[in-house]
Amino acid sequence: MKAVILAAGVGSRLGRPFPKTLSRLPGGETILGRQIRLLRKNGIDEIIVVVGFKMNLIMESYPEVYYKYNPVYYITNTSKSLLNGIKDCNDDIIWLNGDVVCDEGVIERIISSEGNAIAVTPAQCGEEEVKYTTDPEGYITAISKTVKNAEGEALGINKVVAEELAEFKECLQQCDDNDYFEKGIEFMIERGKKFKAIDVSEYRCIEVDFKEDWDQVVSLFSK
C-alpha cells in the first residue's frame, strides 16, 4: 500500500501565509508531520505528497517523502491533485487531505478495512462539510457537499484497492478541474463500484478549513 497526501492548495480560508499543512499542533508537530508519522507507524513506507502553493517550504521540511507537483494548483481542485498523485501507482492507495488531524486509530481502521473505504462520522453538518449517505449494507450512495438528508461527514481519509485503481483514475480524469475528488468516487459508484463507510467517530478527527476548526484542533489535541 502507498499513501498520497493532498497538500497543494493555498488554504485561503484559514488565512495563513504558509501551507496549511505546516501549521504546528500542540507539542510542536505539524499537521503533515503527524500524518507522515502515523502512516509510517502503520507500515506505509512510500508516501507521496502532492504540492503546489509554496511547495519548497513543504519539501525542505520533509525531504524523506516523495513529491508530485500540481503546476495548476491555483485553478484546479483535489480531483486533479489526487490524479497527479496516483497516476504512476498500481497499489492499494490510502489518501488524505493535507489538512486533516486525526488519531492513529482512524488510519488503522482505513488501512485494515476490506475493499474501498471512506472514513466518516455520523453528525449534523454545515454547508462546507463533505456529506454522505449509505445503503442498508453501509456502502456509500452519495458523497459531496450538497448531499440531501446526509447521515454525517466524510472526513477526507479514504482507500481504493489496486484492482480498481485504473478505473478510479479514469473517473478522476472525467472530473472537471474544479471538482473535489469525491466526484470521482461518485462516478465510481455510478459504475457499480462500492466504497464502505467506516465509522470512526470514537476517534478525534478534524479537517481544518476555518479558524474555528483550528481552535477545536488545538483544544482537542492539547490533551
# chains A, B, ... in the order shown; residues from 1 in each chain; ligands from 1

call {"tool": "residues_around", "arguments": {"residues": "Gly9 (chain A)", "least_positions_apart": "6", "cutoff": "8 Å", "atoms": "only C-alpha atoms", "output": "compact mmCIF listing (two decimals) with C-alpha atoms, in the first residue's frame"}}
result
# COMPACT_ATOMS: atom_id res chain seq x y z
CA PRO A 19 0.78 25.99 3.52
CA VAL A 51 2.33 20.05 -3.56
CA GLY A 52 1.66 23.38 -5.21
CA PHE A 53 1.41 26.52 -3.07
CA TYR A 73 -2.98 24.05 -8.19
CA TYR A 74 -4.46 27.56 -8.18
CA ASN A 77 -9.25 21.16 -7.14

call {"tool": "residues_around", "arguments": {"residues": "region 153-157 of chain A", "least_positions_apart": "5", "cutoff": "9 Å", "atoms": "only C-alpha atoms", "output": "JSON, numbers by chain"}}
result
{"A": [94, 95, 96, 97, 98, 99, 100, 106, 107, 110, 117, 118, 119, 120, 121, 122, 123, 124, 125, 129, 130, 131, 132, 143, 144, 197, 205, 206, 207]}

call {"tool": "write_last_selection", "arguments": {"atoms": "N, CA and C atoms", "output": "mmCIF file, in the first residue's frame"}}
result
data_model
loop_
_atom_site.group_PDB
_atom_site.id
_atom_site.type_symbol
_atom_site.label_atom_id
_atom_site.label_comp_id
_atom_site.auth_asym_id
_atom_site.auth_seq_id
_atom_site.Cartn_x
_atom_site.Cartn_y
_atom_site.Cartn_z
ATOM 1 N N ILE A 94 -4.080 4.622 0.123
ATOM 2 C CA ILE A 94 -4.794 5.414 1.119
ATOM 3 C C ILE A 94 -4.437 6.866 0.842
ATOM 4 N N TRP A 95 -5.440 7.736 0.820
ATOM 5 C CA TRP A 95 -5.129 9.143 0.592
ATOM 6 C C TRP A 95 -5.829 10.017 1.627
ATOM 7 N N LEU A 96 -5.173 11.141 1.925
ATOM 8 C CA LEU A 96 -5.642 12.059 2.949
ATOM 9 C C LEU A 96 -5.574 13.484 2.431
ATOM 10 N N ASN A 97 -6.555 14.286 2.809
ATOM 11 C CA ASN A 97 -6.408 15.720 2.635
ATOM 12 C C ASN A 97 -5.319 16.203 3.584
ATOM 13 N N GLY A 98 -4.503 17.126 3.130
ATOM 14 C CA GLY A 98 -3.359 17.570 3.910
ATOM 15 C C GLY A 98 -3.690 18.419 5.111
ATOM 16 N N ASP A 99 -4.983 18.674 5.334
ATOM 17 C CA ASP A 99 -5.387 19.490 6.487
ATOM 18 C C ASP A 99 -6.195 18.697 7.516
ATOM 19 N N VAL A 100 -6.093 17.355 7.477
ATOM 20 C CA VAL A 100 -6.834 16.511 8.413
ATOM 21 C C VAL A 100 -5.933 16.135 9.589
ATOM 22 N N VAL A 106 -7.861 6.119 13.348
ATOM 23 C CA VAL A 106 -8.547 6.377 12.077
ATOM 24 C C VAL A 106 -7.743 5.768 10.929
ATOM 25 N N ILE A 107 -6.443 6.009 10.938
ATOM 26 C CA ILE A 107 -5.572 5.447 9.909
ATOM 27 C C ILE A 107 -5.617 3.925 9.955
ATOM 28 N N ILE A 110 -8.904 2.467 8.424
ATOM 29 C CA ILE A 110 -8.995 2.551 6.967
ATOM 30 C C ILE A 110 -8.035 1.563 6.313
ATOM 31 N N ALA A 117 -12.681 2.164 0.973
ATOM 32 C CA ALA A 117 -13.191 2.633 2.261
ATOM 33 C C ALA A 117 -13.137 4.148 2.356
ATOM 34 N N ILE A 118 -14.069 4.689 3.146
ATOM 35 C CA ILE A 118 -14.147 6.128 3.393
ATOM 36 C C ILE A 118 -14.395 6.342 4.877
ATOM 37 N N ALA A 119 -13.536 7.130 5.523
ATOM 38 C CA ALA A 119 -13.717 7.437 6.939
ATOM 39 C C ALA A 119 -14.840 8.448 7.102
ATOM 40 N N VAL A 120 -15.802 8.137 7.973
ATOM 41 C CA VAL A 120 -16.959 9.004 8.186
ATOM 42 C C VAL A 120 -17.244 9.124 9.672
ATOM 43 N N THR A 121 -18.024 10.142 9.999
ATOM 44 C CA THR A 121 -18.573 10.258 11.344
ATOM 45 C C THR A 121 -20.015 10.733 11.230
ATOM 46 N N PRO A 122 -20.970 9.995 11.804
ATOM 47 C CA PRO A 122 -22.366 10.431 11.768
ATOM 48 C C PRO A 122 -22.529 11.716 12.579
ATOM 49 N N ALA A 123 -23.070 12.747 11.959
ATOM 50 C CA ALA A 123 -23.216 14.033 12.639
ATOM 51 C C ALA A 123 -24.021 14.976 11.765
ATOM 52 N N GLN A 124 -24.529 16.033 12.376
ATOM 53 C CA GLN A 124 -25.120 17.106 11.598
ATOM 54 C C GLN A 124 -23.995 17.943 11.023
ATOM 55 N N CYS A 125 -24.135 18.358 9.762
ATOM 56 C CA CYS A 125 -23.054 19.049 9.058
ATOM 57 C C CYS A 125 -23.512 20.395 8.523
ATOM 58 N N GLU A 129 -18.966 21.136 4.900
ATOM 59 C CA GLU A 129 -18.520 19.760 5.094
ATOM 60 C C GLU A 129 -18.933 18.872 3.927
ATOM 61 N N VAL A 130 -18.078 17.891 3.600
ATOM 62 C CA VAL A 130 -18.442 16.861 2.627
ATOM 63 C C VAL A 130 -19.328 15.848 3.340
ATOM 64 N N LYS A 131 -20.499 15.618 2.783
ATOM 65 C CA LYS A 131 -21.506 14.777 3.434
ATOM 66 C C LYS A 131 -21.723 13.486 2.648
ATOM 67 N N TYR A 132 -22.435 12.544 3.269
ATOM 68 C CA TYR A 132 -22.619 11.246 2.619
ATOM 69 C C TYR A 132 -23.953 10.626 3.017
ATOM 70 N N ILE A 143 -21.872 11.234 -2.088
ATOM 71 C CA ILE A 143 -20.834 11.906 -1.296
ATOM 72 C C ILE A 143 -20.469 13.224 -1.976
ATOM 73 N N SER A 144 -20.776 14.323 -1.314
ATOM 74 C CA SER A 144 -20.464 15.656 -1.831
ATOM 75 C C SER A 144 -20.844 16.672 -0.755
ATOM 76 N N ALA A 197 -18.495 2.802 4.115
ATOM 77 C CA ALA A 197 -18.405 3.888 5.082
ATOM 78 C C ALA A 197 -17.884 3.325 6.399
ATOM 79 N N CYS A 205 -10.937 13.416 14.947
ATOM 80 C CA CYS A 205 -10.598 13.618 13.529
ATOM 81 C C CYS A 205 -11.267 14.900 13.049
ATOM 82 N N ILE A 206 -10.459 15.867 12.654
ATOM 83 C CA ILE A 206 -10.973 17.177 12.248
ATOM 84 C C ILE A 206 -10.259 17.628 10.977
ATOM 85 N N GLU A 207 -11.034 18.083 10.022
ATOM 86 C CA GLU A 207 -10.467 18.713 8.824
ATOM 87 C C GLU A 207 -10.480 20.219 9.042
#

call {"tool": "residues_around", "arguments": {"residues": "Ser81 (chain A)", "least_positions_apart": "3", "cutoff": "10 Å", "atoms": "only C-alpha atoms", "output": "mmCIF file with all heavy atoms, in the first residue's frame"}}
result
data_model
loop_
_atom_site.group_PDB
_atom_site.id
_atom_site.type_symbol
_atom_site.label_atom_id
_atom_site.label_comp_id
_atom_site.auth_asym_id
_atom_site.auth_seq_id
_atom_site.Cartn_x
_atom_site.Cartn_y
_atom_site.Cartn_z
ATOM 1 N N VAL A 4 -1.029 8.800 -0.321
ATOM 2 C CA VAL A 4 -0.963 10.093 -1.007
ATOM 3 C C VAL A 4 -1.585 11.147 -0.092
ATOM 4 O O VAL A 4 -2.693 10.958 0.421
ATOM 5 C CB VAL A 4 -1.710 10.058 -2.356
ATOM 6 C CG1 VAL A 4 -1.728 11.449 -2.993
ATOM 7 C CG2 VAL A 4 -1.063 9.049 -3.302
ATOM 8 N N ILE A 5 -0.854 12.232 0.119
ATOM 9 C CA ILE A 5 -1.341 13.353 0.920
ATOM 10 C C ILE A 5 -1.503 14.549 -0.002
ATOM 11 O O ILE A 5 -0.579 14.926 -0.727
ATOM 12 C CB ILE A 5 -0.359 13.686 2.060
ATOM 13 C CG1 ILE A 5 -0.200 12.482 2.994
ATOM 14 C CG2 ILE A 5 -0.831 14.906 2.847
ATOM 15 C CD1 ILE A 5 0.881 12.657 4.049
ATOM 16 N N LEU A 6 -2.699 15.146 0.019
ATOM 17 C CA LEU A 6 -3.007 16.262 -0.878
ATOM 18 C C LEU A 6 -2.732 17.580 -0.161
ATOM 19 O O LEU A 6 -3.464 17.979 0.745
ATOM 20 C CB LEU A 6 -4.476 16.181 -1.309
ATOM 21 C CG LEU A 6 -4.886 14.851 -1.961
ATOM 22 C CD1 LEU A 6 -6.370 14.871 -2.308
ATOM 23 C CD2 LEU A 6 -4.039 14.565 -3.197
ATOM 24 N N ALA A 7 -1.662 18.250 -0.572
ATOM 25 C CA ALA A 7 -1.217 19.456 0.127
ATOM 26 C C ALA A 7 -0.857 20.572 -0.846
ATOM 27 O O ALA A 7 0.062 21.354 -0.596
ATOM 28 C CB ALA A 7 -0.021 19.125 1.014
ATOM 29 N N ALA A 8 -1.581 20.655 -1.966
ATOM 30 C CA ALA A 8 -1.230 21.628 -2.996
ATOM 31 C C ALA A 8 -1.930 22.976 -2.835
ATOM 32 O O ALA A 8 -1.458 23.986 -3.351
ATOM 33 C CB ALA A 8 -1.559 21.060 -4.385
ATOM 34 N N GLY A 9 -3.037 22.997 -2.106
ATOM 35 C CA GLY A 9 -3.884 24.182 -2.078
ATOM 36 C C GLY A 9 -3.322 25.351 -1.283
ATOM 37 O O GLY A 9 -2.415 25.195 -0.455
ATOM 38 N N VAL A 49 3.459 13.177 -1.459
ATOM 39 C CA VAL A 49 2.776 14.420 -1.101
ATOM 40 C C VAL A 49 2.622 15.257 -2.366
ATOM 41 O O VAL A 49 3.612 15.552 -3.045
ATOM 42 C CB VAL A 49 3.561 15.206 -0.029
ATOM 43 C CG1 VAL A 49 2.807 16.483 0.350
ATOM 44 C CG2 VAL A 49 3.798 14.334 1.210
ATOM 45 N N VAL A 50 1.381 15.617 -2.677
ATOM 46 C CA VAL A 50 1.114 16.464 -3.846
ATOM 47 C C VAL A 50 1.172 17.920 -3.392
ATOM 48 O O VAL A 50 0.433 18.334 -2.495
ATOM 49 C CB VAL A 50 -0.251 16.156 -4.472
ATOM 50 C CG1 VAL A 50 -0.456 17.005 -5.729
ATOM 51 C CG2 VAL A 50 -0.361 14.675 -4.815
ATOM 52 N N VAL A 51 2.078 18.677 -3.990
ATOM 53 C CA VAL A 51 2.331 20.051 -3.557
ATOM 54 C C VAL A 51 2.026 21.041 -4.677
ATOM 55 O O VAL A 51 1.928 20.677 -5.848
ATOM 56 C CB VAL A 51 3.793 20.211 -3.084
ATOM 57 C CG1 VAL A 51 4.038 19.444 -1.802
ATOM 58 C CG2 VAL A 51 4.786 19.762 -4.166
ATOM 59 N N GLY A 52 1.913 22.289 -4.277
ATOM 60 C CA GLY A 52 1.661 23.375 -5.211
ATOM 61 C C GLY A 52 2.074 24.686 -4.564
ATOM 62 O O GLY A 52 3.175 25.166 -4.742
ATOM 63 N N LYS A 68 4.894 14.995 -5.778
ATOM 64 C CA LYS A 68 4.356 15.269 -7.104
ATOM 65 C C LYS A 68 3.872 16.722 -7.091
ATOM 66 O O LYS A 68 3.252 17.166 -6.113
ATOM 67 C CB LYS A 68 3.185 14.336 -7.435
ATOM 68 C CG LYS A 68 3.574 12.891 -7.664
ATOM 69 C CD LYS A 68 4.359 12.730 -8.957
ATOM 70 C CE LYS A 68 4.649 11.270 -9.271
ATOM 71 N NZ LYS A 68 3.445 10.551 -9.688
ATOM 72 N N TYR A 69 4.148 17.426 -8.170
ATOM 73 C CA TYR A 69 3.810 18.846 -8.255
ATOM 74 C C TYR A 69 2.580 19.039 -9.138
ATOM 75 O O TYR A 69 2.535 18.546 -10.268
ATOM 76 C CB TYR A 69 4.992 19.620 -8.832
ATOM 77 C CG TYR A 69 4.740 21.090 -9.064
ATOM 78 C CD1 TYR A 69 4.188 21.899 -8.070
ATOM 79 C CD2 TYR A 69 5.070 21.682 -10.280
ATOM 80 C CE1 TYR A 69 3.970 23.254 -8.286
ATOM 81 C CE2 TYR A 69 4.867 23.032 -10.506
ATOM 82 C CZ TYR A 69 4.311 23.812 -9.506
ATOM 83 O OH TYR A 69 4.102 25.158 -9.729
ATOM 84 N N ASN A 70 1.592 19.722 -8.604
ATOM 85 C CA ASN A 70 0.432 20.134 -9.398
ATOM 86 C C ASN A 70 0.668 21.576 -9.851
ATOM 87 O O ASN A 70 0.464 22.510 -9.074
ATOM 88 C CB ASN A 70 -0.848 20.047 -8.571
ATOM 89 C CG ASN A 70 -2.073 20.527 -9.341
ATOM 90 O OD1 ASN A 70 -1.967 20.921 -10.502
ATOM 91 N ND2 ASN A 70 -3.226 20.521 -8.695
ATOM 92 N N PRO A 71 1.121 21.782 -11.096
ATOM 93 C CA PRO A 71 1.503 23.122 -11.532
ATOM 94 C C PRO A 71 0.329 24.077 -11.696
ATOM 95 O O PRO A 71 0.538 25.287 -11.786
ATOM 96 C CB PRO A 71 2.195 22.863 -12.876
ATOM 97 C CG PRO A 71 1.581 21.608 -13.377
ATOM 98 C CD PRO A 71 1.314 20.772 -12.152
ATOM 99 N N VAL A 72 -0.868 23.544 -11.732
ATOM 100 C CA VAL A 72 -2.057 24.401 -11.868
ATOM 101 C C VAL A 72 -2.928 24.292 -10.612
ATOM 102 O O VAL A 72 -4.152 24.311 -10.683
ATOM 103 C CB VAL A 72 -2.857 24.057 -13.149
ATOM 104 C CG1 VAL A 72 -2.133 24.536 -14.377
ATOM 105 C CG2 VAL A 72 -3.131 22.551 -13.242
ATOM 106 N N TYR A 73 -2.266 24.202 -9.459
ATOM 107 C CA TYR A 73 -2.983 24.051 -8.186
ATOM 108 C C TYR A 73 -3.949 25.194 -7.918
ATOM 109 O O TYR A 73 -4.967 25.019 -7.243
ATOM 110 C CB TYR A 73 -1.977 23.951 -7.031
ATOM 111 C CG TYR A 73 -1.178 25.209 -6.792
ATOM 112 C CD1 TYR A 73 -1.635 26.208 -5.939
ATOM 113 C CD2 TYR A 73 0.039 25.406 -7.433
ATOM 114 C CE1 TYR A 73 -0.903 27.364 -5.732
ATOM 115 C CE2 TYR A 73 0.777 26.555 -7.236
ATOM 116 C CZ TYR A 73 0.298 27.537 -6.377
ATOM 117 O OH TYR A 73 1.022 28.681 -6.175
ATOM 118 N N THR A 76 -7.193 24.364 -10.114
ATOM 119 C CA THR A 76 -7.770 23.022 -10.072
ATOM 120 C C THR A 76 -8.065 22.650 -8.627
ATOM 121 O O THR A 76 -7.582 23.288 -7.688
ATOM 122 C CB THR A 76 -6.828 21.974 -10.681
ATOM 123 O OG1 THR A 76 -5.587 21.984 -9.976
ATOM 124 C CG2 THR A 76 -6.597 22.240 -12.148
ATOM 125 N N ASN A 77 -8.857 21.590 -8.473
ATOM 126 C CA ASN A 77 -9.246 21.157 -7.136
ATOM 127 C C ASN A 77 -8.656 19.771 -6.848
ATOM 128 O O ASN A 77 -7.829 19.264 -7.607
ATOM 129 C CB ASN A 77 -10.775 21.161 -7.015
ATOM 130 C CG ASN A 77 -11.238 21.561 -5.625
ATOM 131 O OD1 ASN A 77 -10.632 21.183 -4.624
ATOM 132 N ND2 ASN A 77 -12.311 22.328 -5.560
ATOM 133 N N THR A 78 -9.132 19.144 -5.781
ATOM 134 C CA THR A 78 -8.475 17.925 -5.284
ATOM 135 C C THR A 78 -8.603 16.734 -6.226
ATOM 136 O O THR A 78 -7.808 15.803 -6.129
ATOM 137 C CB THR A 78 -9.015 17.545 -3.895
ATOM 138 O OG1 THR A 78 -10.444 17.385 -3.958
ATOM 139 C CG2 THR A 78 -8.644 18.599 -2.862
ATOM 140 N N ASN A 84 -2.927 13.412 -10.094
ATOM 141 C CA ASN A 84 -1.493 13.644 -10.230
ATOM 142 C C ASN A 84 -0.714 12.732 -9.282
ATOM 143 O O ASN A 84 0.301 12.145 -9.652
ATOM 144 C CB ASN A 84 -1.199 15.120 -9.917
ATOM 145 C CG ASN A 84 0.184 15.554 -10.333
ATOM 146 O OD1 ASN A 84 1.149 14.861 -10.091
ATOM 147 N ND2 ASN A 84 0.265 16.738 -10.937
ATOM 148 N N GLY A 85 -1.219 12.570 -8.077
ATOM 149 C CA GLY A 85 -0.518 11.780 -7.075
ATOM 150 C C GLY A 85 -0.503 10.289 -7.361
ATOM 151 O O GLY A 85 0.464 9.594 -7.032
ATOM 152 N N ILE A 86 -1.579 9.771 -7.967
ATOM 153 C CA ILE A 86 -1.696 8.319 -8.144
ATOM 154 C C ILE A 86 -1.410 7.849 -9.559
ATOM 155 O O ILE A 86 -1.442 6.644 -9.835
ATOM 156 C CB ILE A 86 -3.100 7.814 -7.727
ATOM 157 C CG1 ILE A 86 -4.172 8.340 -8.681
ATOM 158 C CG2 ILE A 86 -3.395 8.169 -6.280
ATOM 159 C CD1 ILE A 86 -5.573 7.763 -8.418
ATOM 160 N N LEU A 172 -11.397 10.078 -12.158
ATOM 161 C CA LEU A 172 -10.808 11.373 -11.802
ATOM 162 C C LEU A 172 -10.511 12.197 -13.054
ATOM 163 O O LEU A 172 -10.656 13.427 -13.045
ATOM 164 C CB LEU A 172 -9.523 11.156 -10.991
ATOM 165 C CG LEU A 172 -9.714 10.597 -9.578
ATOM 166 C CD1 LEU A 172 -8.369 10.249 -8.960
ATOM 167 C CD2 LEU A 172 -10.470 11.573 -8.680
ATOM 168 N N ASP A 177 -12.067 20.413 -13.710
ATOM 169 C CA ASP A 177 -10.913 20.919 -12.974
ATOM 170 C C ASP A 177 -11.260 21.378 -11.557
ATOM 171 O O ASP A 177 -10.448 21.257 -10.642
ATOM 172 C CB ASP A 177 -10.262 22.088 -13.730
ATOM 173 C CG ASP A 177 -9.429 21.617 -14.907
ATOM 174 O OD1 ASP A 177 -9.198 20.397 -15.028
ATOM 175 O OD2 ASP A 177 -9.005 22.473 -15.708
ATOM 176 N N TYR A 180 -14.004 18.364 -6.533
ATOM 177 C CA TYR A 180 -13.315 17.641 -5.472
ATOM 178 C C TYR A 180 -13.194 16.175 -5.877
ATOM 179 O O TYR A 180 -13.943 15.674 -6.717
ATOM 180 C CB TYR A 180 -14.084 17.758 -4.161
ATOM 181 C CG TYR A 180 -14.116 19.154 -3.583
ATOM 182 C CD1 TYR A 180 -15.172 20.020 -3.864
ATOM 183 C CD2 TYR A 180 -13.080 19.609 -2.770
ATOM 184 C CE1 TYR A 180 -15.209 21.305 -3.340
ATOM 185 C CE2 TYR A 180 -13.112 20.893 -2.235
ATOM 186 C CZ TYR A 180 -14.176 21.731 -2.525
ATOM 187 O OH TYR A 180 -14.198 22.999 -2.005
ATOM 188 N N PHE A 181 -12.272 15.442 -5.230
ATOM 189 C CA PHE A 181 -12.080 14.029 -5.591
ATOM 190 C C PHE A 181 -13.319 13.191 -5.295
ATOM 191 O O PHE A 181 -13.494 12.111 -5.857
ATOM 192 C CB PHE A 181 -10.858 13.434 -4.906
ATOM 193 C CG PHE A 181 -10.907 13.396 -3.401
ATOM 194 C CD1 PHE A 181 -11.776 12.567 -2.708
ATOM 195 C CD2 PHE A 181 -10.045 14.188 -2.665
ATOM 196 C CE1 PHE A 181 -11.808 12.536 -1.330
ATOM 197 C CE2 PHE A 181 -10.062 14.159 -1.275
ATOM 198 C CZ PHE A 181 -10.953 13.333 -0.609
#

call {"tool": "select_by_dssp", "arguments": {"residues": "region 34-84 of chain A", "states": "strand (DSSP E or B)", "output": "list of chain:residue names"}}
result
A:Ile47, A:Ile48, A:Val49, A:Val50, A:Val51, A:Tyr66, A:Tyr67, A:Lys68, A:Tyr69

call {"tool": "closest_residue", "arguments": {"among": "A:Glu127, A:Ile93, A:Glu164, A:Lys169", "to": "Ala150 (chain A)", "atoms": "only C-alpha atoms"}}
result
A:Glu127

call {"tool": "residues_around", "arguments": {"residues": "Leu14 (chain A)", "least_positions_apart": "2", "cutoff": "6 Å", "atoms": "only C-alpha atoms", "output": "MDAnalysis selection string"}}
result
chainID A and resid 11:12 16 210:211

call {"tool": "write_last_selection", "arguments": {"atoms": "N, CA and C atoms", "output": "JSON list (two decimals), in the first residue's frame"}}
result
[["chain", "number", "residue", "atom", "x", "y", "z"],
["A", 11, "GLY", "N", -5.19, 27.18, 0.83],
["A", 11, "GLY", "CA", -5.77, 27.22, 2.17],
["A", 11, "GLY", "C", -6.18, 28.62, 2.58],
["A", 12, "SER", "N", -6.74, 29.37, 1.65],
["A", 12, "SER", "CA", -7.01, 30.79, 1.87],
["A", 12, "SER", "C", -8.02, 31.06, 2.98],
["A", 16, "ARG", "N", -3.44, 31.94, 6.24],
["A", 16, "ARG", "CA", -2.06, 31.89, 6.69],
["A", 16, "ARG", "C", -1.12, 32.08, 5.51],
["A", 210, "PHE", "N", -11.42, 26.35, 8.62],
["A", 210, "PHE", "CA", -11.58, 27.70, 9.16],
["A", 210, "PHE", "C", -10.88, 27.82, 10.51],
["A", 211, "LYS", "N", -10.76, 29.03, 11.01],
["A", 211, "LYS", "CA", -10.12, 29.26, 12.31],
["A", 211, "LYS", "C", -10.84, 28.50, 13.41]]

call {"tool": "select_by_dssp", "arguments": {"residues": "region 71-134 of chain A", "states": "alpha helix (DSSP H)", "output": "compact mmCIF listing (two decimals) with N, CA and C atoms, in the first residue's frame"}}
result
# COMPACT_ATOMS: atom_id res chain seq x y z
N THR A 78 -9.13 19.14 -5.78
CA THR A 78 -8.48 17.93 -5.28
C THR A 78 -8.60 16.73 -6.23
N SER A 79 -9.58 16.73 -7.13
CA SER A 79 -9.67 15.61 -8.08
C SER A 79 -8.43 15.55 -8.94
N LYS A 80 -7.93 16.70 -9.37
CA LYS A 80 -6.76 16.72 -10.24
C LYS A 80 -5.46 16.53 -9.46
N SER A 81 -5.42 17.03 -8.22
CA SER A 81 -4.23 16.77 -7.40
C SER A 81 -4.12 15.28 -7.08
N LEU A 82 -5.24 14.64 -6.77
CA LEU A 82 -5.20 13.21 -6.47
C LEU A 82 -4.79 12.41 -7.71
N LEU A 83 -5.34 12.77 -8.86
CA LEU A 83 -4.96 12.09 -10.10
C LEU A 83 -3.45 12.23 -10.34
N ASN A 84 -2.93 13.41 -10.09
CA ASN A 84 -1.49 13.64 -10.23
C ASN A 84 -0.71 12.73 -9.28
N GLY A 85 -1.22 12.57 -8.08
CA GLY A 85 -0.52 11.78 -7.08
C GLY A 85 -0.50 10.29 -7.36
N ILE A 86 -1.58 9.77 -7.97
CA ILE A 86 -1.70 8.32 -8.14
C ILE A 86 -1.41 7.85 -9.56
N GLU A 104 -4.43 8.01 15.56
CA GLU A 104 -3.87 6.88 14.82
C GLU A 104 -4.94 5.85 14.47
N GLY A 105 -5.94 5.69 15.34
CA GLY A 105 -6.98 4.70 15.11
C GLY A 105 -7.73 4.88 13.80
N VAL A 106 -7.86 6.12 13.35
CA VAL A 106 -8.55 6.38 12.08
C VAL A 106 -7.74 5.77 10.93
N ILE A 107 -6.44 6.01 10.94
CA ILE A 107 -5.57 5.45 9.91
C ILE A 107 -5.62 3.93 9.95
N GLU A 108 -5.53 3.36 11.15
CA GLU A 108 -5.56 1.90 11.31
C GLU A 108 -6.84 1.31 10.73
N ARG A 109 -7.98 1.94 11.04
CA ARG A 109 -9.27 1.40 10.58
C ARG A 109 -9.37 1.40 9.06
N ILE A 110 -8.90 2.47 8.42
CA ILE A 110 -9.00 2.55 6.97
C ILE A 110 -8.03 1.56 6.31
N ILE A 111 -6.83 1.47 6.81
CA ILE A 111 -5.85 0.55 6.24
C ILE A 111 -6.33 -0.89 6.36
N SER A 112 -6.89 -1.26 7.50
CA SER A 112 -7.25 -2.65 7.76
C SER A 112 -8.60 -3.05 7.18

call {"tool": "atom_distance", "arguments": {"atom1": "CA of Thr30 (chain A)", "atom2": "CA of Leu220 (chain A)"}}
result
15.0 Å
